[in-house]
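Read the structure below first, then the notes.
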Amino acid sequence: MRSYSPDLTPPWKKSTPAPEVPAEPDLVVEEVSTGFCGAVIRCERTAEGPTVTLEDRFGKHRVFPLVPGGFLLEGRVVTLVRPTAAGPVRPARTASGSVAVPGVRARVARAGRIYVEGRHDAELVEKVWGDDLRVEGVVVEYLGGIDDLPAVVAEFGPAPDARLGVLVDHLVPGSKESRIAAQVTGPDVLVVGHPYVDIWQAVKPSSLGIPEWPAVPRGEDWKTGVCRTLGWGENTGAAWQHVLSRVRTYRDLEPALLGRVEELIDFVTAPEV
(Lines give C-alpha, C1' and ligand atoms only; values in the text may rest on other atoms or scores of the structure.)
Protein backbone atom coordinates (compact mmCIF):
# COMPACT_ATOMS: atom_id res chain seq x y z
CA MET A 1 0.00 0.00 0.00
CA ARG A 2 1.39 3.41 -1.03
CA SER A 3 2.24 5.75 1.79
CA TYR A 4 0.94 9.30 1.76
CA SER A 5 3.34 12.18 2.36
CA PRO A 6 1.57 15.44 3.10
CA ASP A 7 2.77 18.66 1.40
CA LEU A 8 4.33 20.65 4.25
CA THR A 9 5.35 23.63 2.03
CA PRO A 10 4.11 26.87 3.62
CA PRO A 11 1.34 28.53 1.54
CA TRP A 12 3.44 31.65 0.95
CA LYS A 13 6.17 29.57 -0.69
CA LYS A 14 3.88 27.78 -3.10
CA SER A 15 4.01 29.12 -6.66
CA THR A 16 0.72 30.25 -8.14
CA PRO A 17 0.21 29.20 -11.75
CA ALA A 18 -0.10 32.05 -14.24
CA PRO A 19 -3.71 32.72 -15.28
CA GLU A 20 -4.76 31.36 -18.66
CA VAL A 21 -5.85 33.90 -21.28
CA PRO A 22 -7.33 32.96 -24.70
CA ALA A 23 -5.08 34.19 -27.50
CA GLU A 24 -7.84 36.09 -29.28
CA PRO A 25 -6.95 38.01 -32.47
CA ASP A 26 -5.67 41.57 -31.80
CA LEU A 27 -4.81 40.83 -28.16
CA VAL A 28 -1.54 42.69 -27.48
CA VAL A 29 1.03 40.83 -25.35
CA GLU A 30 4.78 40.76 -24.71
CA GLU A 31 6.86 37.58 -24.93
CA VAL A 32 8.81 37.33 -21.68
CA SER A 33 12.16 35.99 -22.94
CA THR A 34 12.63 38.35 -25.91
CA GLY A 35 10.54 41.39 -24.98
CA PHE A 36 8.84 41.23 -28.40
CA CYS A 37 5.49 43.03 -28.16
CA GLY A 38 2.72 42.57 -30.70
CA ALA A 39 -0.85 41.72 -31.50
CA VAL A 40 -2.02 38.13 -31.86
CA ILE A 41 -2.45 37.19 -35.51
CA ARG A 42 -3.22 33.49 -35.24
CA CYS A 43 -2.69 30.30 -33.25
CA GLU A 44 -1.61 27.06 -34.90
CA ARG A 45 -0.96 23.43 -34.04
CA THR A 46 2.52 22.25 -35.02
CA ALA A 47 4.52 19.07 -34.56
CA GLU A 48 6.38 20.79 -31.70
CA GLY A 49 3.18 21.97 -30.04
CA PRO A 50 0.80 24.94 -30.28
CA THR A 51 2.23 28.32 -31.33
CA VAL A 52 1.06 31.90 -31.54
CA THR A 53 2.07 34.47 -34.18
CA LEU A 54 2.49 38.08 -33.03
CA GLU A 55 2.81 41.18 -35.20
CA ASP A 56 4.40 44.37 -33.88
CA ARG A 57 3.42 47.91 -34.91
CA PHE A 58 6.00 47.86 -37.72
CA GLY A 59 4.47 44.75 -39.32
CA LYS A 60 7.16 42.31 -38.18
CA HIS A 61 5.93 38.78 -37.38
CA ARG A 62 7.36 36.40 -34.77
CA VAL A 63 6.16 32.90 -33.86
CA PHE A 64 6.33 31.72 -30.22
CA PRO A 65 5.37 28.47 -28.46
CA LEU A 66 2.39 28.59 -26.10
CA VAL A 67 4.28 27.76 -22.92
CA PRO A 68 3.06 28.32 -19.34
CA GLY A 69 3.81 31.85 -18.11
CA GLY A 70 5.34 32.78 -21.44
CA PHE A 71 3.76 36.20 -21.94
CA LEU A 72 3.00 39.50 -20.23
CA LEU A 73 -0.44 41.06 -20.52
CA GLU A 74 -0.59 44.61 -19.16
CA GLY A 75 2.42 43.80 -17.01
CA ARG A 76 1.07 40.49 -15.61
CA VAL A 77 2.54 37.09 -16.42
CA VAL A 78 -0.06 34.97 -18.22
CA THR A 79 -0.32 31.68 -20.06
CA LEU A 80 -1.77 32.07 -23.53
CA VAL A 81 -4.04 29.25 -24.66
CA ARG A 82 -5.74 28.54 -27.95
CA PRO A 83 -9.15 30.26 -28.02
CA THR A 84 -12.16 27.97 -28.01
CA ALA A 85 -14.60 28.05 -30.90
CA ALA A 86 -17.37 30.41 -29.91
CA GLY A 87 -19.65 33.07 -31.21
CA PRO A 88 -18.55 36.53 -32.29
CA VAL A 89 -16.43 38.37 -29.73
CA ARG A 90 -16.28 42.15 -29.51
CA PRO A 91 -12.85 43.27 -30.77
CA ALA A 92 -10.49 44.21 -27.96
CA ARG A 93 -8.81 46.78 -30.20
CA THR A 94 -9.89 49.45 -32.65
CA ALA A 95 -8.56 49.46 -36.21
CA SER A 96 -5.77 51.79 -35.03
CA GLY A 97 -4.64 49.30 -32.37
CA SER A 98 -6.04 51.33 -29.46
CA VAL A 99 -8.03 49.68 -26.69
CA ALA A 100 -11.71 49.63 -27.72
CA VAL A 101 -14.10 51.48 -25.42
CA PRO A 102 -17.53 49.89 -25.99
CA GLY A 103 -20.64 51.96 -25.39
CA VAL A 104 -18.89 55.34 -25.18
CA ARG A 105 -20.70 58.15 -26.99
CA ALA A 106 -18.83 60.34 -29.42
CA ARG A 107 -17.46 63.41 -27.73
CA VAL A 108 -18.70 66.86 -28.75
CA ALA A 109 -16.32 68.12 -31.44
CA ARG A 110 -13.31 70.07 -30.25
CA ALA A 111 -12.50 73.48 -31.63
CA GLY A 112 -9.21 72.00 -32.82
CA ARG A 113 -8.98 70.20 -36.15
CA ILE A 114 -6.78 67.94 -38.25
CA TYR A 115 -6.43 68.98 -41.89
CA VAL A 116 -5.33 66.53 -44.58
CA GLU A 117 -4.66 67.23 -48.23
CA GLY A 118 -7.39 65.33 -50.02
CA ARG A 119 -10.52 63.24 -49.76
CA HIS A 120 -8.61 59.97 -50.02
CA ASP A 121 -6.40 61.00 -47.10
CA ALA A 122 -9.51 61.79 -45.03
CA GLU A 123 -11.17 58.47 -45.90
CA LEU A 124 -8.09 56.48 -44.94
CA VAL A 125 -7.67 58.30 -41.63
CA GLU A 126 -11.37 57.79 -40.85
CA LYS A 127 -11.22 54.07 -41.62
CA VAL A 128 -8.27 53.36 -39.29
CA TRP A 129 -8.58 56.07 -36.64
CA GLY A 130 -12.30 56.88 -36.82
CA ASP A 131 -13.22 55.25 -33.50
CA ASP A 132 -10.39 57.05 -31.69
CA LEU A 133 -11.26 60.40 -33.28
CA ARG A 134 -14.91 60.19 -32.23
CA VAL A 135 -14.01 59.35 -28.65
CA GLU A 136 -11.61 62.33 -28.58
CA GLY A 137 -13.97 64.69 -30.42
CA VAL A 138 -11.47 65.36 -33.22
CA VAL A 139 -12.77 66.34 -36.66
CA VAL A 140 -10.71 65.65 -39.81
CA GLU A 141 -11.22 67.91 -42.84
CA TYR A 142 -9.57 67.86 -46.27
CA LEU A 143 -8.14 70.88 -48.06
CA GLY A 144 -7.99 69.86 -51.72
CA GLY A 145 -4.25 70.58 -51.83
CA ILE A 146 -1.90 72.71 -49.73
CA ASP A 147 -0.95 75.56 -52.08
CA ASP A 148 -2.93 77.97 -49.89
CA LEU A 149 -1.97 76.37 -46.57
CA PRO A 150 -0.48 79.50 -44.92
CA ALA A 151 -3.66 81.47 -45.64
CA VAL A 152 -5.87 78.60 -44.47
CA VAL A 153 -3.97 78.35 -41.19
CA ALA A 154 -4.12 82.11 -40.67
CA GLU A 155 -7.89 82.09 -41.25
CA PHE A 156 -8.32 79.19 -38.79
CA GLY A 157 -6.42 81.04 -36.11
CA PRO A 158 -4.85 78.26 -33.99
CA ALA A 159 -4.97 78.90 -30.24
CA PRO A 160 -4.25 76.90 -27.06
CA ASP A 161 -7.91 75.81 -26.95
CA ALA A 162 -8.12 75.26 -30.72
CA ARG A 163 -5.01 73.51 -31.92
CA LEU A 164 -4.53 72.67 -35.58
CA GLY A 165 -2.69 69.66 -37.00
CA VAL A 166 -1.90 69.30 -40.71
CA LEU A 167 -0.90 66.11 -42.56
CA VAL A 168 1.01 66.77 -45.80
CA ASP A 169 1.77 64.33 -48.63
CA HIS A 170 5.34 64.05 -49.96
CA LEU A 171 6.89 66.15 -47.20
CA VAL A 172 10.55 65.59 -48.09
CA PRO A 173 13.49 68.04 -48.18
CA GLY A 174 13.49 70.26 -51.25
CA SER A 175 9.91 69.52 -52.30
CA LYS A 176 7.26 72.15 -52.99
CA GLU A 177 5.35 70.76 -50.03
CA SER A 178 8.28 71.31 -47.66
CA ARG A 179 8.66 74.95 -48.77
CA ILE A 180 4.97 75.63 -48.15
CA ALA A 181 4.98 73.84 -44.80
CA ALA A 182 7.99 75.91 -43.66
CA GLN A 183 5.84 79.05 -43.89
CA VAL A 184 3.49 77.73 -41.18
CA THR A 185 4.77 78.24 -37.65
CA GLY A 186 3.35 78.71 -34.19
CA PRO A 187 2.99 76.88 -30.88
CA ASP A 188 -0.60 75.82 -31.59
CA VAL A 189 -0.14 74.46 -35.11
CA LEU A 190 1.77 71.32 -36.11
CA VAL A 191 2.55 70.38 -39.72
CA VAL A 192 3.86 66.85 -40.29
CA GLY A 193 4.04 64.69 -43.36
CA HIS A 194 4.89 61.37 -44.90
CA PRO A 195 7.34 60.71 -47.77
CA TYR A 196 4.84 59.22 -50.22
CA VAL A 197 3.82 60.95 -53.44
CA ASP A 198 0.22 60.01 -52.71
CA ILE A 199 -1.60 58.56 -49.71
CA TRP A 200 -2.20 55.38 -51.73
CA GLN A 201 1.48 54.51 -51.21
CA ALA A 202 0.98 54.49 -47.43
CA VAL A 203 -0.93 51.21 -47.87
CA LYS A 204 1.42 48.24 -47.73
CA PRO A 205 1.77 46.49 -51.10
CA SER A 206 1.42 43.13 -49.33
CA SER A 207 -2.10 44.11 -48.21
CA LEU A 208 -3.02 44.62 -51.86
CA GLY A 209 -1.36 41.47 -53.15
CA ILE A 210 1.24 43.36 -55.21
CA PRO A 211 5.04 43.13 -54.83
CA GLU A 212 5.51 46.91 -54.72
CA TRP A 213 4.04 50.19 -55.84
CA PRO A 214 5.16 50.80 -59.44
CA ALA A 215 7.43 53.69 -60.38
CA VAL A 216 5.64 56.32 -62.46
CA PRO A 217 7.66 58.52 -64.86
CA ARG A 218 8.02 62.17 -63.86
CA GLY A 219 5.38 64.32 -65.53
CA GLU A 220 2.75 61.56 -65.65
CA ASP A 221 -0.21 61.63 -63.27
CA TRP A 222 0.79 59.23 -60.51
CA LYS A 223 -2.61 57.58 -59.93
CA THR A 224 -3.19 57.14 -63.67
CA GLY A 225 0.26 55.62 -64.11
CA VAL A 226 -0.27 53.21 -61.21
CA CYS A 227 -3.62 52.04 -62.55
CA ARG A 228 -2.18 51.54 -66.04
CA THR A 229 0.84 49.59 -64.79
CA LEU A 230 -1.19 47.37 -62.47
CA GLY A 231 -3.99 46.82 -64.97
CA TRP A 232 -6.61 48.41 -62.71
CA GLY A 233 -8.36 50.26 -65.52
CA GLU A 234 -8.69 53.99 -66.05
CA ASN A 235 -11.14 54.77 -63.26
CA THR A 236 -8.90 56.00 -60.46
CA GLY A 237 -11.91 56.48 -58.17
CA ALA A 238 -12.82 52.81 -58.44
CA ALA A 239 -9.15 51.87 -57.98
CA TRP A 240 -9.01 53.86 -54.74
CA GLN A 241 -12.10 52.09 -53.42
CA HIS A 242 -10.30 48.81 -54.10
CA VAL A 243 -7.23 50.04 -52.21
CA LEU A 244 -9.31 51.32 -49.30
CA SER A 245 -11.25 48.05 -49.06
CA ARG A 246 -8.02 46.16 -48.38
CA VAL A 247 -7.21 48.33 -45.36
CA ARG A 248 -8.67 46.74 -42.23
CA THR A 249 -6.36 47.83 -39.42
CA TYR A 250 -3.18 49.83 -38.78
CA ARG A 251 -1.20 46.73 -39.77
CA ASP A 252 -2.10 47.42 -43.41
CA LEU A 253 -0.38 50.83 -43.33
CA GLU A 254 3.26 51.88 -43.46
CA PRO A 255 4.88 53.01 -40.17
CA ALA A 256 5.81 56.36 -41.76
CA LEU A 257 2.11 57.28 -41.86
CA LEU A 258 1.11 55.64 -38.56
CA GLY A 259 3.51 57.70 -36.49
CA ARG A 260 2.52 60.99 -38.10
CA VAL A 261 -1.23 60.55 -37.59
CA GLU A 262 -0.73 59.47 -33.97
CA GLU A 263 1.45 62.54 -33.46
CA LEU A 264 -1.28 64.84 -34.79
CA ILE A 265 -3.99 63.25 -32.62
CA ASP A 266 -1.80 63.64 -29.54
CA PHE A 267 -1.07 67.26 -30.45
CA VAL A 268 -4.67 68.44 -30.92
CA THR A 269 -5.92 66.58 -27.84
CA ALA A 270 -3.12 67.67 -25.47
CA PRO A 271 -4.41 69.57 -22.42
CA GLU A 272 -3.85 73.31 -22.29
CA VAL A 273 -0.83 74.47 -20.34
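Please note that chains go A, B, ... in the order of the C-alpha coordinates, that every chain numbers its residues from 1, and that ligands are numbered from 1 in the order shown.
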
Run DSSP on the backbone and give me the residues of range 76-238 of chain A it puts in alpha helix (DSSP H), as a PyMOL selection string. chain A and resi 119-136+149-156+176-181+205-208+222-230+236-238

Convert the current residue selection to file output with N, CA and C atoms, as a short mmCIF file (atom, residue, chain, number, x, y, z; two decimals), in the first residue's frame.
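Written output follows (result.cif):
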data_model
loop_
_atom_site.label_atom_id
_atom_site.label_comp_id
_atom_site.auth_asym_id
_atom_site.auth_seq_id
_atom_site.Cartn_x
_atom_site.Cartn_y
_atom_site.Cartn_z
N ARG A 119 -9.42 64.10 -50.22
CA ARG A 119 -10.52 63.24 -49.76
C ARG A 119 -10.03 61.84 -49.46
N HIS A 120 -9.12 61.32 -50.27
CA HIS A 120 -8.61 59.97 -50.02
C HIS A 120 -7.87 59.90 -48.69
N ASP A 121 -7.10 60.94 -48.39
CA ASP A 121 -6.40 61.00 -47.10
C ASP A 121 -7.42 60.94 -45.95
N ALA A 122 -8.48 61.74 -46.08
CA ALA A 122 -9.51 61.79 -45.03
C ALA A 122 -10.20 60.44 -44.86
N GLU A 123 -10.49 59.77 -45.97
CA GLU A 123 -11.17 58.47 -45.90
C GLU A 123 -10.30 57.42 -45.25
N LEU A 124 -9.00 57.46 -45.54
CA LEU A 124 -8.09 56.48 -44.94
C LEU A 124 -7.93 56.72 -43.44
N VAL A 125 -7.78 57.98 -43.05
CA VAL A 125 -7.67 58.30 -41.63
C VAL A 125 -8.94 57.90 -40.89
N GLU A 126 -10.08 58.15 -41.49
CA GLU A 126 -11.37 57.79 -40.85
C GLU A 126 -11.48 56.28 -40.69
N LYS A 127 -11.05 55.52 -41.69
CA LYS A 127 -11.22 54.07 -41.62
C LYS A 127 -10.38 53.46 -40.50
N VAL A 128 -9.17 53.96 -40.29
CA VAL A 128 -8.27 53.36 -39.29
C VAL A 128 -8.41 54.03 -37.93
N TRP A 129 -8.56 55.35 -37.92
CA TRP A 129 -8.58 56.07 -36.64
C TRP A 129 -9.96 56.62 -36.27
N GLY A 130 -10.98 56.29 -37.05
CA GLY A 130 -12.30 56.88 -36.82
C GLY A 130 -12.83 56.71 -35.41
N ASP A 131 -12.72 55.50 -34.85
CA ASP A 131 -13.22 55.25 -33.50
C ASP A 131 -12.50 56.13 -32.48
N ASP A 132 -11.19 56.23 -32.60
CA ASP A 132 -10.39 57.05 -31.69
C ASP A 132 -10.78 58.53 -31.81
N LEU A 133 -10.95 58.99 -33.04
CA LEU A 133 -11.26 60.40 -33.28
C LEU A 133 -12.61 60.78 -32.69
N ARG A 134 -13.58 59.88 -32.79
CA ARG A 134 -14.91 60.19 -32.23
C ARG A 134 -14.87 60.24 -30.71
N VAL A 135 -14.12 59.33 -30.11
CA VAL A 135 -14.01 59.35 -28.65
C VAL A 135 -13.33 60.64 -28.18
N GLU A 136 -12.36 61.12 -28.95
CA GLU A 136 -11.61 62.33 -28.58
C GLU A 136 -12.29 63.61 -29.06
N LEU A 149 -2.01 76.76 -47.98
CA LEU A 149 -1.97 76.37 -46.57
C LEU A 149 -1.70 77.54 -45.62
N PRO A 150 -0.71 78.39 -45.87
CA PRO A 150 -0.48 79.50 -44.92
C PRO A 150 -1.72 80.36 -44.71
N ALA A 151 -2.45 80.65 -45.78
CA ALA A 151 -3.66 81.47 -45.64
C ALA A 151 -4.75 80.72 -44.90
N VAL A 152 -4.86 79.42 -45.16
CA VAL A 152 -5.87 78.60 -44.47
C VAL A 152 -5.60 78.56 -42.98
N VAL A 153 -4.32 78.39 -42.61
CA VAL A 153 -3.97 78.35 -41.19
C VAL A 153 -4.23 79.70 -40.53
N ALA A 154 -3.89 80.78 -41.22
CA ALA A 154 -4.12 82.11 -40.67
C ALA A 154 -5.61 82.36 -40.44
N GLU A 155 -6.43 81.91 -41.38
CA GLU A 155 -7.89 82.09 -41.25
C GLU A 155 -8.42 81.25 -40.08
N PHE A 156 -7.88 80.04 -39.90
CA PHE A 156 -8.32 79.19 -38.79
C PHE A 156 -8.00 79.82 -37.45
N LYS A 176 8.16 71.00 -53.08
CA LYS A 176 7.26 72.15 -52.99
C LYS A 176 6.50 72.11 -51.68
N GLU A 177 6.11 70.91 -51.27
CA GLU A 177 5.35 70.76 -50.03
C GLU A 177 6.16 71.22 -48.82
N SER A 178 7.45 70.92 -48.81
CA SER A 178 8.28 71.31 -47.66
C SER A 178 8.44 72.82 -47.60
N ARG A 179 8.52 73.49 -48.76
CA ARG A 179 8.66 74.95 -48.77
C ARG A 179 7.40 75.63 -48.26
N ILE A 180 6.24 75.07 -48.63
CA ILE A 180 4.97 75.63 -48.15
C ILE A 180 4.82 75.40 -46.65
N ALA A 181 5.14 74.18 -46.22
CA ALA A 181 4.98 73.84 -44.80
C ALA A 181 5.88 74.71 -43.93
N PRO A 205 2.03 47.29 -49.90
CA PRO A 205 1.77 46.49 -51.10
C PRO A 205 1.28 45.08 -50.77
N SER A 206 1.81 44.49 -49.69
CA SER A 206 1.42 43.13 -49.33
C SER A 206 -0.08 43.03 -49.02
N SER A 207 -0.67 44.12 -48.51
CA SER A 207 -2.10 44.11 -48.21
C SER A 207 -2.93 44.12 -49.48
N LEU A 208 -2.32 44.55 -50.58
CA LEU A 208 -3.02 44.62 -51.86
C LEU A 208 -2.67 43.45 -52.78
N TRP A 222 0.36 60.41 -61.25
CA TRP A 222 0.79 59.23 -60.51
C TRP A 222 -0.31 58.18 -60.43
N LYS A 223 -1.52 58.56 -60.06
CA LYS A 223 -2.61 57.58 -59.93
C LYS A 223 -2.90 56.91 -61.27
N THR A 224 -2.92 57.71 -62.34
CA THR A 224 -3.19 57.14 -63.67
C THR A 224 -2.10 56.15 -64.06
N GLY A 225 -0.84 56.51 -63.78
CA GLY A 225 0.26 55.62 -64.11
C GLY A 225 0.22 54.32 -63.33
N VAL A 226 -0.16 54.41 -62.05
CA VAL A 226 -0.27 53.21 -61.21
C VAL A 226 -1.36 52.29 -61.75
N CYS A 227 -2.51 52.86 -62.05
CA CYS A 227 -3.62 52.04 -62.55
C CYS A 227 -3.27 51.38 -63.87
N ARG A 228 -2.57 52.11 -64.73
CA ARG A 228 -2.18 51.54 -66.04
C ARG A 228 -1.19 50.40 -65.84
N THR A 229 -0.19 50.61 -65.00
CA THR A 229 0.84 49.59 -64.79
C THR A 229 0.28 48.33 -64.14
N LEU A 230 -0.64 48.51 -63.19
CA LEU A 230 -1.19 47.37 -62.47
C LEU A 230 -2.40 46.76 -63.15
N THR A 236 -9.70 55.92 -61.68
CA THR A 236 -8.90 56.00 -60.46
C THR A 236 -9.77 56.01 -59.20
N GLY A 237 -11.00 56.50 -59.32
CA GLY A 237 -11.91 56.48 -58.17
C GLY A 237 -12.23 55.06 -57.75
N ALA A 238 -12.53 54.22 -58.74
CA ALA A 238 -12.82 52.81 -58.44
C ALA A 238 -11.57 52.10 -57.91
#

List every residue of range 104-227 of chain A that DSSP, applied to the backbone, labels as strand (DSSP E or B), and write the result as a list in words. Arg113, Ile114, Tyr115, Val116, Val139, Val140, Glu141, Tyr142, Ala159, Ala162, Leu164, Gly165, Val166, Leu167, Val168, Val189, Leu190, Val191, Val192, Gly193 and Val203 of chain A

Selected residues, N, CA, C and O atoms, written as an mmCIF file, in the first residue's frame, please.
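File produced: selection.cif:
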data_model
loop_
_atom_site.group_PDB
_atom_site.id
_atom_site.type_symbol
_atom_site.label_atom_id
_atom_site.label_comp_id
_atom_site.auth_asym_id
_atom_site.auth_seq_id
_atom_site.Cartn_x
_atom_site.Cartn_y
_atom_site.Cartn_z
ATOM 1 N N ARG A 113 -8.719 71.010 -34.952
ATOM 2 C CA ARG A 113 -8.978 70.201 -36.145
ATOM 3 C C ARG A 113 -7.695 69.540 -36.622
ATOM 4 O O ARG A 113 -6.588 69.946 -36.276
ATOM 5 N N ILE A 114 -7.872 68.507 -37.467
ATOM 6 C CA ILE A 114 -6.783 67.944 -38.246
ATOM 7 C C ILE A 114 -7.142 68.140 -39.714
ATOM 8 O O ILE A 114 -8.232 67.749 -40.156
ATOM 9 N N TYR A 115 -6.248 68.790 -40.456
ATOM 10 C CA TYR A 115 -6.432 68.982 -41.888
ATOM 11 C C TYR A 115 -5.547 67.984 -42.641
ATOM 12 O O TYR A 115 -4.385 67.774 -42.282
ATOM 13 N N VAL A 116 -6.113 67.380 -43.689
ATOM 14 C CA VAL A 116 -5.332 66.528 -44.583
ATOM 15 C C VAL A 116 -5.493 67.083 -45.990
ATOM 16 O O VAL A 116 -6.362 67.923 -46.246
ATOM 17 N N VAL A 139 -12.215 66.330 -35.313
ATOM 18 C CA VAL A 139 -12.771 66.343 -36.662
ATOM 19 C C VAL A 139 -11.625 66.437 -37.668
ATOM 20 O O VAL A 139 -10.685 67.217 -37.484
ATOM 21 N N VAL A 140 -11.709 65.626 -38.736
ATOM 22 C CA VAL A 140 -10.713 65.655 -39.810
ATOM 23 C C VAL A 140 -11.364 66.266 -41.049
ATOM 24 O O VAL A 140 -12.451 65.843 -41.464
ATOM 25 N N GLU A 141 -10.724 67.264 -41.636
ATOM 26 C CA GLU A 141 -11.218 67.915 -42.841
ATOM 27 C C GLU A 141 -10.142 67.863 -43.920
ATOM 28 O O GLU A 141 -8.953 67.811 -43.605
ATOM 29 N N TYR A 142 -10.574 67.867 -45.205
ATOM 30 C CA TYR A 142 -9.570 67.864 -46.265
ATOM 31 C C TYR A 142 -9.569 69.196 -46.999
ATOM 32 O O TYR A 142 -10.582 69.886 -47.099
ATOM 33 N N ALA A 159 -5.104 78.350 -31.586
ATOM 34 C CA ALA A 159 -4.975 78.899 -30.239
ATOM 35 C C ALA A 159 -4.813 77.734 -29.272
ATOM 36 O O ALA A 159 -5.038 76.575 -29.643
ATOM 37 N N ALA A 162 -7.692 75.634 -29.363
ATOM 38 C CA ALA A 162 -8.122 75.256 -30.719
ATOM 39 C C ALA A 162 -6.879 74.962 -31.547
ATOM 40 O O ALA A 162 -6.502 75.721 -32.446
ATOM 41 N N LEU A 164 -4.370 73.128 -34.202
ATOM 42 C CA LEU A 164 -4.528 72.670 -35.578
ATOM 43 C C LEU A 164 -3.370 71.769 -35.955
ATOM 44 O O LEU A 164 -2.203 72.124 -35.775
ATOM 45 N N GLY A 165 -3.693 70.569 -36.480
ATOM 46 C CA GLY A 165 -2.686 69.658 -37.002
ATOM 47 C C GLY A 165 -2.893 69.476 -38.489
ATOM 48 O O GLY A 165 -4.036 69.416 -38.960
ATOM 49 N N VAL A 166 -1.808 69.415 -39.252
ATOM 50 C CA VAL A 166 -1.896 69.295 -40.714
ATOM 51 C C VAL A 166 -1.029 68.128 -41.172
ATOM 52 O O VAL A 166 0.155 68.040 -40.811
ATOM 53 N N LEU A 167 -1.617 67.245 -41.978
ATOM 54 C CA LEU A 167 -0.895 66.112 -42.560
ATOM 55 C C LEU A 167 -0.644 66.396 -44.036
ATOM 56 O O LEU A 167 -1.587 66.630 -44.795
ATOM 57 N N VAL A 168 0.624 66.391 -44.439
ATOM 58 C CA VAL A 168 1.012 66.768 -45.802
ATOM 59 C C VAL A 168 1.609 65.567 -46.526
ATOM 60 O O VAL A 168 2.438 64.838 -45.968
ATOM 61 N N VAL A 189 0.053 75.126 -33.824
ATOM 62 C CA VAL A 189 -0.139 74.456 -35.110
ATOM 63 C C VAL A 189 1.039 73.523 -35.342
ATOM 64 O O VAL A 189 2.181 73.858 -35.042
ATOM 65 N N LEU A 190 0.741 72.321 -35.831
ATOM 66 C CA LEU A 190 1.773 71.323 -36.110
ATOM 67 C C LEU A 190 1.563 70.775 -37.507
ATOM 68 O O LEU A 190 0.478 70.271 -37.831
ATOM 69 N N VAL A 191 2.584 70.922 -38.357
ATOM 70 C CA VAL A 191 2.546 70.380 -39.718
ATOM 71 C C VAL A 191 3.521 69.210 -39.786
ATOM 72 O O VAL A 191 4.709 69.375 -39.535
ATOM 73 N N VAL A 192 3.018 68.029 -40.109
ATOM 74 C CA VAL A 192 3.861 66.848 -40.287
ATOM 75 C C VAL A 192 3.499 66.210 -41.620
ATOM 76 O O VAL A 192 2.484 66.547 -42.233
ATOM 77 N N GLY A 193 4.332 65.308 -42.068
ATOM 78 C CA GLY A 193 4.038 64.687 -43.356
ATOM 79 C C GLY A 193 4.673 63.329 -43.487
ATOM 80 O O GLY A 193 5.457 62.891 -42.652
ATOM 81 N N VAL A 203 -0.367 52.546 -48.046
ATOM 82 C CA VAL A 203 -0.935 51.207 -47.872
ATOM 83 C C VAL A 203 0.126 50.194 -48.290
ATOM 84 O O VAL A 203 0.714 50.302 -49.364
#

Selected residue of minimal separation from Val138 in chain A among A:Arg163, A:His170, A:Arg110, A:Arg260, counting only C-alpha atoms: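 Distance minimum relative to Val138 in chain A lands on A:Arg110.
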
Mind running range 150-265 of chain A against range 46-64 of chain A at 10 Å and telling me each contacting residue's nearest atom pair with the distance in Å (one decimal), counting only C-alpha atoms, chain and number ascending, as CSV?
residue,atom,partner,partner_atom,distance
A:Lys204,CA,A:Gly59,CA,9.6
A:Tyr250,CA,A:Arg57,CA,7.9
A:Arg251,CA,A:Gly59,CA,6.0
A:Asp252,CA,A:Gly59,CA,8.2
A:Leu253,CA,A:Gly59,CA,8.7
A:Glu254,CA,A:Phe58,CA,7.5
A:Pro255,CA,A:Phe58,CA,5.8
A:Ala256,CA,A:Phe58,CA,9.4
A:Leu258,CA,A:Arg57,CA,8.9
A:Gly259,CA,A:Arg57,CA,9.9

Who sits within 8 Å of Glu30 in chain A, only C-alpha atoms, same chain under 6 positions skipped, as a PyMOL selection string: chain A and resi 36-38+71-73

Keeping only N, CA and C atoms, write the selected residues to a file as a PDB file, in the first residue's frame.
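This is the output file result_35.pdb:
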ATOM      1  N   PHE A  36       9.573  40.899 -27.181  1.00  0.00           N
ATOM      2  CA  PHE A  36       8.843  41.231 -28.400  1.00  0.00           C
ATOM      3  C   PHE A  36       7.379  41.489 -28.052  1.00  0.00           C
ATOM      4  N   CYS A  37       6.868  42.647 -28.462  1.00  0.00           N
ATOM      5  CA  CYS A  37       5.491  43.028 -28.156  1.00  0.00           C
ATOM      6  C   CYS A  37       4.700  43.125 -29.459  1.00  0.00           C
ATOM      7  N   GLY A  38       3.524  42.510 -29.486  1.00  0.00           N
ATOM      8  CA  GLY A  38       2.723  42.569 -30.699  1.00  0.00           C
ATOM      9  C   GLY A  38       1.320  42.052 -30.483  1.00  0.00           C
ATOM     10  N   PHE A  71       4.087  34.888 -21.408  1.00  0.00           N
ATOM     11  CA  PHE A  71       3.762  36.200 -21.942  1.00  0.00           C
ATOM     12  C   PHE A  71       3.355  37.167 -20.828  1.00  0.00           C
ATOM     13  N   LEU A  72       3.462  38.450 -21.129  1.00  0.00           N
ATOM     14  CA  LEU A  72       2.996  39.503 -20.235  1.00  0.00           C
ATOM     15  C   LEU A  72       1.793  40.183 -20.868  1.00  0.00           C
ATOM     16  N   LEU A  73       0.751  40.347 -20.084  1.00  0.00           N
ATOM     17  CA  LEU A  73      -0.443  41.064 -20.519  1.00  0.00           C
ATOM     18  C   LEU A  73      -0.669  42.201 -19.531  1.00  0.00           C
TER      19      LEU A  73
END
